[in-house]
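Pasted below: start-v7.pdb, PDB, C-alpha atoms.
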ATOM      1  CA  PRO A   1      25.787  13.410   4.958
ATOM      2  CA  SER A   2      29.382  13.380   3.714
ATOM      3  CA  GLY A   3      29.282  17.070   2.773
ATOM      4  CA  ALA A   4      28.039  18.033   6.221
ATOM      5  CA  ARG A   5      30.616  15.801   7.893
ATOM      6  CA  GLY A   6      33.379  17.377   5.821
ATOM      7  CA  ILE A   7      32.179  20.859   6.726
ATOM      8  CA  LYS A   8      32.076  19.887  10.409
ATOM      9  CA  ALA A   9      35.647  18.625  10.195
ATOM     10  CA  LEU A  10      36.768  21.911   8.619
ATOM     11  CA  LEU A  11      34.898  23.884  11.271
ATOM     12  CA  ASP A  12      36.307  21.785  14.128
ATOM     13  CA  SER A  13      39.849  22.198  12.790
ATOM     14  CA  GLY A  14      39.403  25.968  12.527
ATOM     15  CA  GLU A  15      39.835  26.020   8.738
ATOM     16  CA  ILE A  16      36.501  27.839   8.251
ATOM     17  CA  THR A  17      34.266  30.088  10.326
ATOM     18  CA  GLN A  18      30.756  29.250  11.452
ATOM     19  CA  LYS A  19      29.279  31.655   8.871
ATOM     20  CA  GLN A  20      31.273  29.971   6.115
ATOM     21  CA  ALA A  21      30.100  26.565   7.316
ATOM     22  CA  ARG A  22      26.448  27.686   7.188
ATOM     23  CA  ARG A  23      26.887  28.931   3.641
ATOM     24  CA  MET A  24      28.648  25.752   2.557
ATOM     25  CA  LEU A  25      25.767  23.642   3.868
ATOM     26  CA  CYS A  26      23.537  25.321   1.250
ATOM     27  CA  PHE A  27      25.306  23.650  -1.652
ATOM     28  CA  THR A  28      27.024  20.536  -0.319
ATOM     29  CA  VAL A  29      23.913  18.402  -0.225
ATOM     30  CA  GLY A  30      22.995  15.889  -2.857
ATOM     31  CA  ALA A  31      23.009  12.230  -3.682
ATOM     32  CA  GLY A  32      26.054  10.403  -4.947
ATOM     33  CA  PRO A  33      26.511   9.333  -8.554
ATOM     34  CA  ALA A  34      25.812   5.651  -7.844
ATOM     35  CA  PHE A  35      22.450   6.471  -6.310
ATOM     36  CA  VAL A  36      21.321   9.062  -8.860
ATOM     37  CA  ILE A  37      22.453   7.183 -11.948
ATOM     38  CA  SER A  38      21.792   3.595 -10.872
ATOM     39  CA  VAL A  39      18.890   3.717  -8.459
ATOM     40  CA  THR A  40      17.011   6.805  -9.628
ATOM     41  CA  GLY A  41      17.908   6.803 -13.309
ATOM     42  CA  SER A  42      18.107   3.143 -14.183
ATOM     43  CA  GLY A  43      15.969   1.610 -11.447
ATOM     44  CA  LEU A  44      13.138   4.095 -10.954
ATOM     45  CA  LEU A  45      13.055   5.872 -14.302
ATOM     46  CA  GLY A  46      14.331   3.031 -16.486
ATOM     47  CA  SER A  47      17.113   5.033 -18.141
ATOM     48  CA  VAL A  48      20.791   5.360 -17.307
ATOM     49  CA  GLN A  49      20.916   8.445 -19.544
ATOM     50  CA  THR A  50      18.188  10.097 -17.464
ATOM     51  CA  GLY A  51      20.191   9.290 -14.323
ATOM     52  CA  ILE A  52      23.290  10.906 -15.824
ATOM     53  CA  ILE A  53      21.271  13.994 -16.770
ATOM     54  CA  LEU A  54      19.867  14.170 -13.225
ATOM     55  CA  PHE A  55      23.349  13.836 -11.717
ATOM     56  CA  ILE A  56      24.808  16.538 -13.980
ATOM     57  CA  SER A  57      21.814  18.766 -13.135
ATOM     58  CA  GLN A  58      22.394  18.226  -9.423
ATOM     59  CA  LEU A  59      26.098  19.058  -9.746
ATOM     60  CA  SER A  60      25.344  22.132 -11.870
ATOM     61  CA  ALA A  61      22.775  23.387  -9.359
ATOM     62  CA  ALA A  62      25.254  22.955  -6.491
ATOM     63  CA  LEU A  63      27.956  24.771  -8.457
ATOM     64  CA  VAL A  64      25.684  27.695  -9.368
ATOM     65  CA  LEU A  65      24.363  27.925  -5.802
ATOM     66  CA  GLY A  66      27.911  27.828  -4.415
ATOM     67  CA  ILE A  67      28.983  30.648  -6.734
ATOM     68  CA  LEU A  68      25.910  32.748  -5.870
ATOM     69  CA  VAL A  69      26.337  32.220  -2.134
ATOM     70  CA  GLY A  70      30.000  33.170  -2.478
ATOM     71  CA  LEU A  71      29.211  36.316  -4.474
ATOM     72  CA  PHE A  72      26.651  37.526  -1.945
ATOM     73  CA  ALA A  73      29.075  36.877   0.914
ATOM     74  CA  ARG A  74      32.000  38.887  -0.528
ATOM     75  CA  GLY A  75      33.416  41.303   2.009
ATOM     76  CA  GLU A  76      31.043  40.037   4.669
ATOM     77  CA  GLU A  77      33.733  38.624   6.949
ATOM     78  CA  ALA A  78      37.464  38.284   7.302
ATOM     79  CA  PRO A  79      39.162  35.171   5.942
ATOM     80  CA  ALA A  80      38.982  32.078   8.137
ATOM     81  CA  GLU A  81      42.692  32.395   8.996
ATOM     82  CA  ALA A  82      41.978  35.479  11.132
ATOM     83  CA  GLY A  83      39.779  33.579  13.545
ATOM     84  CA  ARG A  84      41.498  30.236  13.213
ATOM     85  CA  ILE A  85      42.553  28.348  16.295
ATOM     86  CA  PRO A  86      45.236  25.786  15.430
ATOM     87  CA  ALA A  87      44.321  22.199  16.279
ATOM     88  CA  LYS A  88      47.318  21.856  18.619
ATOM     89  CA  ALA A  89      46.180  24.908  20.629
ATOM     90  CA  ARG A  90      42.756  23.296  21.070
ATOM     91  CA  GLY A  91      44.345  20.090  22.324
ATOM     92  CA  GLY A  92      43.507  18.046  19.224
ATOM     93  CA  PRO A  93      45.942  16.499  16.797
ATOM     94  CA  SER A  94      46.808  18.567  13.765
ATOM     95  CA  SER A  95      46.434  16.858  10.426
ATOM     96  CA  ALA A  96      50.152  17.358   9.768
ATOM     97  CA  SER A  97      51.164  15.468  12.915
ATOM     98  CA  MET A  98      48.793  12.515  12.512
ATOM     99  CA  PRO A  99      50.459   9.425  11.056
ATOM    100  CA  VAL A 100      48.985   8.189   7.786
ATOM    101  CA  SER A 101      48.074   4.845   9.373
ATOM    102  CA  SER A 102      46.086   6.587  12.127
ATOM    103  CA  ALA A 103      44.386   8.890   9.628
ATOM    104  CA  LEU A 104      43.417   5.880   7.505
ATOM    105  CA  VAL A 105      41.950   4.019  10.489
ATOM    106  CA  GLU A 106      40.091   7.134  11.667
ATOM    107  CA  ALA A 107      38.696   7.781   8.173
ATOM    108  CA  ALA A 108      37.496   4.180   7.804
ATOM    109  CA  SER A 109      35.917   4.239  11.267
ATOM    110  CA  ASP A 110      34.190   7.554  10.605
ATOM    111  CA  GLY A 111      32.920   6.328   7.245
ATOM    112  CA  ALA A 112      31.542   3.119   8.755
ATOM    113  CA  SER A 113      29.836   5.085  11.521
ATOM    114  CA  SER A 114      28.176   7.363   8.949
ATOM    115  CA  MET A 115      27.019   4.404   6.869
ATOM    116  CA  ILE A 116      25.536   2.621   9.883
ATOM    117  CA  SER A 117      23.731   5.817  10.884
ATOM    118  CA  MET A 118      22.200   6.305   7.421
ATOM    119  CA  CYS A 119      21.210   2.635   7.159
ATOM    120  CA  SER A 120      19.537   2.887  10.555
ATOM    121  CA  PHE A 121      17.414   5.813   9.376
ATOM    122  CA  VAL A 122      16.464   3.979   6.172
ATOM    123  CA  ILE A 123      15.332   0.974   8.227
ATOM    124  CA  LEU A 124      13.491   3.172  10.732
ATOM    125  CA  PHE A 125      11.528   5.077   8.091
ATOM    126  CA  SER A 126      10.883   1.927   6.049
ATOM    127  CA  ALA A 127       9.367   0.330   9.142
ATOM    128  CA  LEU A 128       7.325   3.480   9.781
ATOM    129  CA  LEU A 129       5.955   3.359   6.222
ATOM    130  CA  VAL A 130       4.980  -0.306   6.642
ATOM    131  CA  ILE A 131       3.212   0.508   9.921
ATOM    132  CA  LEU A 132       1.360   3.393   8.249
ATOM    133  CA  ASP A 133       0.351   1.131   5.341
ATOM    134  CA  GLN A 134      -0.742  -1.806   7.500
ATOM    135  CA  SER A 135      -2.700   0.347   9.937
ATOM    136  CA  GLY A 136      -4.621   2.063   7.148
ATOM    137  CA  ILE A 137      -3.259   5.489   8.019
ATOM    138  CA  SER A 138      -1.636   5.823   4.573
ATOM    139  CA  SER A 139      -4.991   5.143   2.879
ATOM    140  CA  PHE A 140      -6.706   7.656   5.157
ATOM    141  CA  LEU A 141      -4.062  10.307   4.408
ATOM    142  CA  LYS A 142      -4.360   9.571   0.683
ATOM    143  CA  GLU A 143      -8.104  10.266   0.896
ATOM    144  CA  VAL A 144      -7.483  13.479   2.846
ATOM    145  CA  PHE A 145      -4.932  14.702   0.290
ATOM    146  CA  SER A 146      -7.232  13.693  -2.579
ATOM    147  CA  SER A 147     -10.040  15.742  -1.046
ATOM    148  CA  PHE A 148      -7.832  18.828  -1.534
ATOM    149  CA  GLY A 149      -7.740  18.115  -5.263
ATOM    150  CA  LEU A 150      -4.455  16.231  -5.517
ATOM    151  CA  PRO A 151      -4.416  13.476  -8.139
ATOM    152  CA  ASP A 152      -4.566   9.970  -6.621
ATOM    153  CA  ARG A 153      -1.007   9.108  -7.642
ATOM    154  CA  MET A 154       0.391  12.262  -6.056
ATOM    155  CA  ALA A 155      -1.772  11.890  -2.945
ATOM    156  CA  SER A 156      -0.593   8.313  -2.377
ATOM    157  CA  SER A 157       3.074   9.270  -2.740
ATOM    158  CA  LEU A 158       2.974  12.313  -0.464
ATOM    159  CA  VAL A 159       3.660  10.465   2.809
ATOM    160  CA  PRO A 160       6.610   8.487   1.395
ATOM    161  CA  VAL A 161       8.007  11.669  -0.117
ATOM    162  CA  LEU A 162       7.827  13.339   3.281
ATOM    163  CA  LEU A 163       9.814  10.401   4.626
ATOM    164  CA  GLU A 164      12.194  10.699   1.674
ATOM    165  CA  VAL A 165      15.036   8.747   3.221
ATOM    166  CA  THR A 166      13.322   5.555   2.114
ATOM    167  CA  THR A 167      12.159   6.776  -1.291
TER     168      THR A 167
END
Reformat the file's structure so that it appears as structure tokens.
Amino acid sequence: PSGARGIKALLDSGEITQKQARRMLCFTVGAGPAFVISVTGSGLLGSVQTGIILFISQLSAALVLGILVGLFARGEEAPAEAGRIPAKARGGPSSASMPVSSALVEAASDGASSMISMCSFVILFSALLVILDQSGISSFLKEVFSSFGLPDRMASSLVPVLLEVTT
């Protein structure tokens, strides 16, 4: 969520337009290096090298998508400065007037809030998966998906994949 939060901050401060923010959301999603390399690569796939390849692939895809989105948007709108409303005019503090100590405290608080929010969703969906497993719903859904010709392994992982926050 850090990409989306950064885009929201830029939008709220008037640095970018709403159209620019929508375009930026297309390519600012992705997992961090620690997760991709350590958890996915080393933990799930058993190879740090595979994790590094996945991370580089993710970064490359975001870069290519960002360039393509930018190319298709050329000439579509005026620069953000034209529609920009300075933070002081909106009643909020401008980044230039905020003391470093206040900015540091605000950044730490915002980061902690984001982390608590993500952890809450991980716990929520983990609990939901346990409930689905214990109630037999996961087994039932696996049988339903298998009846459509999906291999057993794919059918059993479909529900967790749909609740991807935990996987």
The residues within 12 Å of (26.4, 27.0, -5.6), using all atoms listed in the file and the coordinates of the file, should be reported as a VMD selection string; which are they? chain A and resid 23 to 30 58 to 72
Save the residues we just selected, C-alpha atoms, as a PDB file, in the frame of the given file?
ATOM      1  CA  ARG A  23      26.887  28.931   3.641  1.00  0.00           C
ATOM      2  CA  MET A  24      28.648  25.752   2.557  1.00  0.00           C
ATOM      3  CA  LEU A  25      25.767  23.642   3.868  1.00  0.00           C
ATOM      4  CA  CYS A  26      23.537  25.321   1.250  1.00  0.00           C
ATOM      5  CA  PHE A  27      25.306  23.650  -1.652  1.00  0.00           C
ATOM      6  CA  THR A  28      27.024  20.536  -0.319  1.00  0.00           C
ATOM      7  CA  VAL A  29      23.913  18.402  -0.225  1.00  0.00           C
ATOM      8  CA  GLY A  30      22.995  15.889  -2.857  1.00  0.00           C
ATOM      9  CA  GLN A  58      22.394  18.226  -9.423  1.00  0.00           C
ATOM     10  CA  LEU A  59      26.098  19.058  -9.746  1.00  0.00           C
ATOM     11  CA  SER A  60      25.344  22.132 -11.870  1.00  0.00           C
ATOM     12  CA  ALA A  61      22.775  23.387  -9.359  1.00  0.00           C
ATOM     13  CA  ALA A  62      25.254  22.955  -6.491  1.00  0.00           C
ATOM     14  CA  LEU A  63      27.956  24.771  -8.457  1.00  0.00           C
ATOM     15  CA  VAL A  64      25.684  27.695  -9.368  1.00  0.00           C
ATOM     16  CA  LEU A  65      24.363  27.925  -5.802  1.00  0.00           C
ATOM     17  CA  GLY A  66      27.911  27.828  -4.415  1.00  0.00           C
ATOM     18  CA  ILE A  67      28.983  30.648  -6.734  1.00  0.00           C
ATOM     19  CA  LEU A  68      25.910  32.748  -5.870  1.00  0.00           C
ATOM     20  CA  VAL A  69      26.337  32.220  -2.134  1.00  0.00           C
ATOM     21  CA  GLY A  70      30.000  33.170  -2.478  1.00  0.00           C
ATOM     22  CA  LEU A  71      29.211  36.316  -4.474  1.00  0.00           C
ATOM     23  CA  PHE A  72      26.651  37.526  -1.945  1.00  0.00           C
TER      24      PHE A  72
END
Among the residues A:Gly3, A:Pro160, A:Pro151, A:Pro99, the one that comes closest to Val130 (chain A) [using all atoms listed in the file]: A:Pro160
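Closest approach to Phe121 (chain A) among A:Leu54, A:Gly32, A:Ser13, A:Leu163 is made by A:Leu163 (distances from all atoms listed in the file).
The environment of Asp133 (chain A) within 12 Å, counting all atoms listed in the file and disregarding residues fewer than 4 places along the same chain, consists of A:Ser126, A:Ala127, A:Leu128, A:Leu129, A:Ile137, A:Ser138, A:Ser139, A:Phe140, A:Leu141, A:Lys142, A:Ser156, A:Ser157, A:Val159, A:Pro160.
Put simply, CA of Ser109 (chain A) is 28.3 Å away from CA of Thr40 (chain A).
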Would you mind listing what lies within 10 Å of Val36 (chain A) as a count of residues only, with only C-alpha atoms counted and same-chain residues fewer than 4 positions away left out? 17
If you measure from CA of Ser114 (chain A) to CA of Ala4 (chain A), what distance in Å do you get, rounded to one decimal? 11.0 Å
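For Ala107 (chain A), the set of protein, DNA and RNA residues having any atom at most 12 Å away, when counting all atoms listed in the file and skipping those fewer than 6 positions along the same chain, is Ser2, Arg5, Gly6, Ala9, Met98, Val100, Ser101, Ser113 and Ser114 of chain A.
Straight-line separation from CA of Val144 (chain A) to CA of Val161 (chain A): 15.9 Å.
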Produce the centre coordinates and the three edge lengths, each in Å to one decimal, of the box along x, y and z that contains all listed atoms of region 132-144 of chain A with 4 Å added on each side, as lines of an AutoDock Vina configuration file.
center_x = -3.4
center_y = 5.8
center_z = 5.3
size_x = 17.5
size_y = 23.3
size_z = 17.3
Measuring atom to atom with all atoms listed in the file, identify which of A:Leu132, A:Ala73, A:Phe35, A:Leu124 is nearest to Arg22 (chain A). A:Ala73
One residue among A:Ala34, A:Leu45, A:Val39, A:Leu162 is nearest to Phe125 (chain A) when using all atoms listed in the file, and that residue is A:Leu162
